[in-house]
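Novice: Structure file final_36.txt (compact mmCIF, C-alpha atoms) is given on the next line.
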# COMPACT_ATOMS: atom_id res chain seq x y z
CA MET A 1 5.55 161.31 43.43
CA THR A 2 5.32 165.07 43.53
CA SER A 3 7.90 166.52 41.14
CA SER A 4 10.81 167.94 43.10
CA SER A 5 12.21 171.40 42.50
CA LEU A 6 13.74 174.40 44.11
CA ARG A 7 10.98 176.44 45.70
CA PRO A 8 10.38 179.99 44.50
CA THR A 9 10.93 182.80 46.98
CA PRO A 10 8.04 185.11 47.94
CA ASP A 11 9.66 187.84 45.82
CA GLN A 12 9.80 185.53 42.80
CA MET A 13 6.15 184.62 43.22
CA THR A 14 5.20 188.29 43.56
CA ASP A 15 7.04 189.13 40.34
CA TYR A 16 5.48 186.15 38.59
CA TYR A 17 1.91 187.08 39.44
CA ASP A 18 2.41 190.75 38.74
CA GLY A 19 2.87 189.64 35.13
CA MET A 20 0.90 186.41 35.00
CA GLY A 21 -2.13 187.76 36.86
CA ALA A 22 -2.45 190.68 34.47
CA LEU A 23 -2.17 188.36 31.47
CA LEU A 24 -4.78 185.98 32.87
CA GLN A 25 -7.23 188.82 33.39
CA VAL A 26 -6.88 189.88 29.75
CA ALA A 27 -6.75 186.41 28.20
CA TRP A 28 -8.95 184.43 30.59
CA ASN A 29 -11.16 185.77 33.39
CA ASP A 30 -11.02 187.38 36.83
CA ASN A 31 -11.39 183.88 38.25
CA LEU A 32 -7.71 182.92 38.05
CA HIS A 33 -8.42 179.20 38.07
CA PHE A 34 -9.61 176.35 35.87
CA GLY A 35 -13.09 176.22 34.41
CA TYR A 36 -15.44 173.25 34.80
CA TRP A 37 -17.61 172.05 31.91
CA ASP A 38 -20.24 169.34 32.39
CA GLY A 39 -19.32 167.56 29.16
CA PRO A 40 -18.43 167.91 25.46
CA GLU A 41 -21.79 169.49 24.63
CA ASP A 42 -21.53 172.10 27.39
CA ASP A 43 -21.06 175.47 25.67
CA SER A 44 -20.71 177.51 28.86
CA SER A 45 -18.57 180.62 28.68
CA ILE A 46 -15.28 180.87 30.58
CA GLU A 47 -16.98 182.99 33.22
CA GLU A 48 -19.80 180.47 33.63
CA ALA A 49 -17.38 177.55 33.79
CA THR A 50 -15.08 179.19 36.33
CA ASN A 51 -17.98 180.36 38.49
CA ARG A 52 -19.35 176.80 38.39
CA PHE A 53 -16.01 175.45 39.64
CA THR A 54 -15.97 178.00 42.44
CA GLY A 55 -19.46 176.89 43.40
CA MET A 56 -18.40 173.24 43.50
CA LEU A 57 -15.57 174.03 45.91
CA ALA A 58 -17.76 176.34 48.00
CA ALA A 59 -20.27 173.53 48.51
CA ARG A 60 -17.51 171.23 49.72
CA LEU A 61 -16.51 173.69 52.46
CA ARG A 62 -19.90 173.12 54.18
CA VAL A 63 -19.93 176.57 55.76
CA GLY A 64 -22.64 179.09 56.49
CA PRO A 65 -23.34 182.33 58.34
CA GLY A 66 -21.06 182.74 61.34
CA ASP A 67 -18.29 180.58 59.85
CA ARG A 68 -14.88 181.89 58.87
CA VAL A 69 -13.17 180.77 55.65
CA LEU A 70 -9.54 181.23 54.60
CA ASP A 71 -8.95 181.54 50.84
CA ALA A 72 -5.27 180.62 50.51
CA GLY A 73 -4.02 182.11 47.25
CA CYS A 74 -7.03 184.34 46.63
CA GLY A 75 -6.01 185.91 43.32
CA ILE A 76 -7.93 189.12 42.80
CA GLY A 77 -10.81 188.12 45.03
CA LYS A 78 -13.59 186.90 42.78
CA PRO A 79 -13.90 183.37 44.26
CA ALA A 80 -13.75 184.68 47.84
CA ILE A 81 -16.62 187.05 47.15
CA GLN A 82 -18.67 184.31 45.48
CA VAL A 83 -18.10 182.00 48.46
CA ALA A 84 -19.17 184.70 50.93
CA ARG A 85 -22.20 185.67 48.86
CA THR A 86 -23.49 182.11 48.35
CA THR A 87 -22.75 180.68 51.81
CA GLY A 88 -23.10 183.69 54.11
CA ALA A 89 -19.69 182.95 55.65
CA GLU A 90 -16.97 185.51 56.34
CA VAL A 91 -13.95 185.07 54.03
CA LEU A 92 -10.36 186.18 54.45
CA GLY A 93 -8.30 185.93 51.27
CA ILE A 94 -4.51 185.87 51.34
CA SER A 95 -1.99 186.27 48.53
CA ILE A 96 1.78 186.57 48.19
CA SER A 97 1.17 189.44 45.77
CA PRO A 98 0.48 192.87 47.32
CA HIS A 99 -0.93 194.01 43.98
CA GLN A 100 -3.48 191.19 43.97
CA VAL A 101 -4.46 192.00 47.56
CA GLU A 102 -5.05 195.62 46.56
CA GLN A 103 -7.14 194.61 43.54
CA ALA A 104 -9.15 192.12 45.61
CA GLY A 105 -9.89 194.71 48.29
CA GLU A 106 -11.08 197.16 45.67
CA ARG A 107 -13.37 194.48 44.21
CA ALA A 108 -14.90 193.75 47.61
CA GLU A 109 -15.57 197.46 48.15
CA ARG A 110 -17.00 197.85 44.67
CA GLU A 111 -19.35 194.88 45.10
CA GLY A 112 -20.50 195.91 48.57
CA MET A 113 -18.92 192.88 50.26
CA ALA A 114 -16.16 194.51 52.30
CA ASP A 115 -18.04 193.85 55.53
CA ARG A 116 -17.68 190.08 55.04
CA VAL A 117 -14.69 189.68 52.71
CA SER A 118 -11.19 191.01 53.37
CA PHE A 119 -7.70 190.38 52.03
CA GLN A 120 -4.17 190.33 53.42
CA HIS A 121 -0.63 190.02 52.07
CA VAL A 122 0.40 186.70 53.66
CA ASN A 123 2.57 183.70 52.78
CA ALA A 124 0.28 180.65 53.02
CA MET A 125 3.17 178.46 54.17
CA ASP A 126 3.93 180.72 57.14
CA MET A 127 0.71 182.34 58.30
CA PRO A 128 0.44 184.74 61.25
CA PHE A 129 -3.01 183.50 62.25
CA GLU A 130 -3.77 181.77 65.53
CA SER A 131 -4.25 178.02 65.54
CA GLU A 132 -7.84 176.78 65.14
CA SER A 133 -9.08 180.16 63.90
CA PHE A 134 -10.88 179.11 60.68
CA ASP A 135 -13.79 176.80 59.91
CA ALA A 136 -12.60 176.01 56.38
CA VAL A 137 -9.73 176.55 53.96
CA LEU A 138 -10.10 177.01 50.20
CA ALA A 139 -7.13 176.75 47.82
CA PHE A 140 -7.77 177.05 44.08
CA GLU A 141 -4.65 175.66 42.38
CA SER A 142 -2.49 177.90 44.56
CA ILE A 143 -0.86 174.86 46.14
CA ILE A 144 1.01 174.24 42.88
CA HIS A 145 3.29 177.12 43.89
CA MET A 146 3.95 175.81 47.41
CA ASP A 147 5.70 173.02 49.21
CA ARG A 148 2.62 170.85 49.57
CA PRO A 149 3.48 169.21 52.93
CA ALA A 150 4.31 172.61 54.49
CA ALA A 151 1.16 174.24 53.13
CA LEU A 152 -1.12 171.41 54.25
CA ARG A 153 0.38 171.46 57.74
CA GLU A 154 -0.38 175.18 57.95
CA PHE A 155 -3.92 174.62 56.68
CA ALA A 156 -4.40 171.97 59.37
CA ARG A 157 -2.94 174.22 62.06
CA VAL A 158 -5.34 177.11 61.44
CA LEU A 159 -8.39 174.87 61.08
CA LYS A 160 -10.74 174.22 63.97
CA PRO A 161 -11.43 170.56 64.76
CA GLY A 162 -13.96 169.35 62.22
CA GLY A 163 -12.96 172.11 59.80
CA ARG A 164 -12.65 171.31 56.12
CA VAL A 165 -10.14 171.87 53.34
CA ALA A 166 -11.25 172.03 49.72
CA LEU A 167 -8.58 172.50 47.07
CA THR A 168 -7.77 171.89 43.46
CA ASP A 169 -4.38 170.73 42.23
CA VAL A 170 -2.64 170.21 38.92
CA THR A 171 -1.65 166.64 38.11
CA VAL A 172 0.43 164.68 35.67
CA VAL A 173 -1.63 163.40 32.73
CA GLN A 174 -1.27 159.70 33.37
CA GLU A 175 -1.29 158.55 29.75
CA ASP A 176 1.53 160.94 28.89
CA PRO A 177 4.03 160.97 31.78
CA GLY A 178 6.61 162.64 29.55
CA ASN A 179 4.68 165.85 30.08
CA ILE A 180 6.10 166.14 33.58
CA GLU A 181 9.19 167.88 32.18
CA PHE A 182 7.05 170.58 30.61
CA PHE A 183 4.59 171.01 33.44
CA GLU A 184 7.19 171.24 36.20
CA GLY A 185 7.48 174.84 35.02
CA PHE A 186 3.82 175.31 34.06
CA PRO A 187 2.91 177.80 32.81
CA ARG A 188 6.33 179.30 32.02
CA LYS A 189 9.46 178.27 30.18
CA GLN A 190 11.57 175.48 31.68
CA PRO A 191 13.89 176.98 34.29
CA ALA A 192 17.64 176.67 34.36
CA LYS A 193 19.24 173.96 36.50
CA ASN A 194 19.48 176.03 39.68
CA GLU A 195 16.45 178.27 39.09
CA ALA A 196 13.38 177.83 41.25
CA HIS A 197 10.36 176.21 39.64
CA ILE A 198 7.33 178.47 39.80
CA ALA A 199 4.97 175.49 39.97
CA SER A 200 4.99 171.73 40.30
CA VAL A 201 2.57 168.94 39.49
CA VAL A 202 1.52 166.06 41.71
CA GLU A 203 0.52 162.42 41.32
CA PRO A 204 -3.07 162.02 42.59
CA GLY A 205 -1.98 158.96 44.55
CA ASP A 206 0.25 161.15 46.73
CA TYR A 207 -2.71 162.80 48.44
CA PRO A 208 -3.69 160.16 51.01
CA GLY A 209 -0.18 160.29 52.46
CA LEU A 210 0.07 164.07 52.21
CA MET A 211 -3.15 164.54 54.14
CA THR A 212 -2.28 161.97 56.80
CA ASP A 213 1.14 163.54 57.34
CA ALA A 214 -0.51 166.97 57.75
CA GLY A 215 -2.94 165.69 60.38
CA LEU A 216 -5.93 165.79 58.02
CA GLN A 217 -8.31 163.04 56.95
CA LEU A 218 -8.88 162.71 53.22
CA ASP A 219 -12.58 162.68 52.30
CA GLU A 220 -12.53 162.97 48.51
CA LEU A 221 -10.06 162.72 45.65
CA LEU A 222 -11.92 163.49 42.44
CA ASP A 223 -10.25 163.53 39.02
CA VAL A 224 -11.91 166.31 37.00
CA THR A 225 -9.43 166.36 34.12
CA GLU A 226 -12.12 165.63 31.53
CA ASN A 227 -14.22 168.53 32.82
CA THR A 228 -11.38 171.04 33.07
CA LYS A 229 -9.15 170.15 30.13
CA ARG A 230 -10.75 172.80 27.91
CA THR A 231 -9.13 175.42 30.16
CA PHE A 232 -5.63 175.15 28.75
CA ASN A 233 -6.48 175.56 25.08
CA LEU A 234 -8.99 178.35 25.75
CA LEU A 235 -6.39 180.17 27.82
CA LEU A 236 -3.83 179.95 25.05
CA ASP A 237 -6.45 181.07 22.51
CA GLY A 238 -7.04 184.09 24.72
CA VAL A 239 -3.32 184.83 24.95
CA ILE A 240 -3.01 184.76 21.17
CA LYS A 241 -6.11 186.92 20.72
CA HIS A 242 -5.26 189.54 23.34
CA ARG A 243 -1.47 189.48 23.45
CA ARG A 244 -0.95 192.77 21.65
CA GLU A 245 -3.38 194.53 23.96
CA PHE A 246 -1.56 193.07 26.97
CA GLU A 247 1.89 193.97 25.65
CA ARG A 248 0.90 197.57 24.91
CA LYS A 249 -0.62 198.01 28.35
CA HIS A 250 2.06 196.30 30.45
CA GLY A 251 5.24 196.65 28.41
CA ILE A 252 6.10 192.95 28.61
CA THR A 253 5.64 190.21 26.02
CA ALA A 254 3.43 187.18 26.51
CA GLU A 255 6.50 184.99 25.91
CA GLU A 256 8.27 186.61 28.83
CA VAL A 257 5.37 185.64 31.08
CA LEU A 258 4.50 182.21 29.66
CA GLY A 259 7.65 181.14 27.86
CA SER A 260 7.81 181.00 24.07
CA SER A 261 7.43 177.22 23.87
CA THR A 262 4.16 177.45 25.81
CA VAL A 263 2.68 180.03 23.46
CA GLU A 264 3.76 178.36 20.24
CA ASP A 265 3.40 174.67 21.11
CA PRO A 266 0.96 174.11 23.94
CA GLY A 267 0.78 170.34 23.65
CA LYS A 268 -1.50 168.53 26.06
CA GLY A 269 -2.88 170.33 29.08
CA PRO A 270 -2.38 169.13 32.63
CA GLY A 271 -4.75 167.05 34.71
CA CYS A 272 -6.77 168.43 37.62
CA VAL A 273 -8.10 166.97 40.86
CA VAL A 274 -10.50 168.20 43.51
CA VAL A 275 -9.34 167.25 46.99
CA THR A 276 -11.37 167.58 50.20
CA ALA A 277 -10.36 166.70 53.72
CA HIS A 278 -11.21 167.53 57.32
CA LYS A 279 -9.38 167.99 60.59
CA PRO A 280 -10.38 165.23 63.03
Just dump the structure as structure tokens.
Specialist:
Amino acid sequence: MTSSSLRPTPDQMTDYYDGMGALLQVAWNDNLHFGYWDGPEDDSSIEEATNRFTGMLAARLRVGPGDRVLDAGCGIGKPAIQVARTTGAEVLGISISPHQVEQAGERAEREGMADRVSFQHVNAMDMPFESESFDAVLAFESIIHMDRPAALREFARVLKPGGRVALTDVTVVQEDPGNIEFFEGFPRKQPAKNEAHIASVVEPGDYPGLMTDAGLQLDELLDVTENTKRTFNLLLDGVIKHRREFERKHGITAEEVLGSSTVEDPGKGPGCVVVTAHKP
């Protein structure tokens, strides 16, 4: 079952990504999501691996020129721009963080894509968009911060009939279920009893029911843990390498963003699934 927790408020998520997003950019990449490596011998860089993962999700959207894509939880815009550039579709990215929206808009202008890629400050669980106004929805790990049933119902509402959802989600590592305690707060220190969890993990087996309840039909549930597991250790290596630079620039410690136990004792990384569905 999906781990239960108090849900973070929009203000809490904004504060979280004002710190976490900046740290990820320094320690990881402007793609604020997992990387995908083809196998143990694949020596792709973080940028190559994250771009590859974006490409995999873009292909699953099955969109082209004239289509409209919603990127729910767009980060600072790099995946949205890649999707628009490779498919020819128009992309609207949304984020709970006004700072990320600003950064993403600047990126689109800088890369000459502002005519086809735009960004708005919107809560993905309560969107102002008309029903059946998008041909596809992309969500790169952003659903870990949301109430999954509520988010999926909103995705289904704004999709046109036949429209597709392609998302990635963070899962419990099946051979080590004790990790659920740690990853309920991933990637930050374990919250107090009545404090909202910033993120939650899911059991892959929950997805057929989640999609059905949202009015979507599940097409694919692909476990990519073996291909993405390098992400966690590389991210922590980057935090260790660049932490002083980050702390000088932003006036906040890496421990305050990640939690000291995460920095000092990473343990085993989480699992990851690719999920695709369509609206009948």
Novice: Rounded to one decimal place, report the atom CA of A:Ser97-atom CA of A:Phe129 distance in Å.
Specialist: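 Separation between atom CA of A:Ser97 and atom CA of A:Phe129: 18.0 Å.
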Novice: Enter the distance from atom CA of A:Phe155 to atom CA of A:Ala104, in Å, rounded to one decimal.
Specialist: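 Value for the atom CA of A:Phe155-atom CA of A:Ala104 distance: 21.4 Å.
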Novice: (5.5, 181.0, 52.8) in this file's frame - what residues fall within 10 Å of it? Use all atoms listed in the file and give the answer as a PyMOL selection string.
Specialist: chain A and resi 8-10+96+122-127+145-147+150-151+154
Novice: Any idea what's packed within 10 Å of A:Thr54, counting only C-alpha atoms, ignoring anything in its chain fewer than 5 positions away? Could you give it as a list in words?
Specialist: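 Selected residues are Asn31, His33, Phe34, Gly35, Tyr36, Glu48, Ala49, Ala59, Lys78, Pro79, Ala80, Gln82, Val83, Leu138 and Phe140 of chain A.
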Novice: Got time to write the residues from that selection, C-alpha atoms, as a compact mmCIF listing (two decimals), in the coordinates of the input?
Specialist:
# COMPACT_ATOMS: atom_id res chain seq x y z
CA ASN A 31 -11.39 183.88 38.25
CA HIS A 33 -8.42 179.20 38.07
CA PHE A 34 -9.61 176.35 35.87
CA GLY A 35 -13.09 176.22 34.41
CA TYR A 36 -15.44 173.25 34.80
CA GLU A 48 -19.80 180.47 33.63
CA ALA A 49 -17.38 177.55 33.79
CA ALA A 59 -20.27 173.53 48.51
CA LYS A 78 -13.59 186.90 42.78
CA PRO A 79 -13.90 183.37 44.26
CA ALA A 80 -13.75 184.68 47.84
CA GLN A 82 -18.67 184.31 45.48
CA VAL A 83 -18.10 182.00 48.46
CA LEU A 138 -10.10 177.01 50.20
CA PHE A 140 -7.77 177.05 44.08
Novice: I want to know what sits within 7 Å of A:Glu90, based on all atoms listed in the file, with residues of the same chain fewer than 2 positions away left out; could you give that as an mmCIF file with C-alpha atoms, in the coordinates of the input?
Specialist:
data_model
loop_
_atom_site.group_PDB
_atom_site.id
_atom_site.type_symbol
_atom_site.label_atom_id
_atom_site.label_comp_id
_atom_site.auth_asym_id
_atom_site.auth_seq_id
_atom_site.Cartn_x
_atom_site.Cartn_y
_atom_site.Cartn_z
ATOM 1 C CA ASP A 67 -18.290 180.580 59.850
ATOM 2 C CA ARG A 68 -14.880 181.890 58.870
ATOM 3 C CA VAL A 69 -13.170 180.770 55.650
ATOM 4 C CA ALA A 84 -19.170 184.700 50.930
ATOM 5 C CA GLY A 88 -23.100 183.690 54.110
ATOM 6 C CA LEU A 92 -10.360 186.180 54.450
ATOM 7 C CA ARG A 116 -17.680 190.080 55.040
ATOM 8 C CA VAL A 117 -14.690 189.680 52.710
#
Novice: Find, counting only C-alpha atoms, the residue in A:Met56, A:Ala108, A:Ala139, A:Val201 that gets nearest to A:Ile94.
Specialist: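 Among the listed residues, A:Ala139 lies closest to A:Ile94.
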Novice: Could you pull out every residue with an atom within 7 Å of (-2.3, 172.2, 36.7), file coordinates, counting all atoms listed in the file, and send them as an NGL selection string?
Specialist: :A and (169-171 or 201 or 270-272)
Novice: Record the distance separating atom CA of A:Gly75 and atom CA of A:Glu41, expressed in Å with one decimal.
Specialist: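 Taking atom CA of A:Gly75 as the start and atom CA of A:Glu41 as the end point, the length is 29.5 Å.
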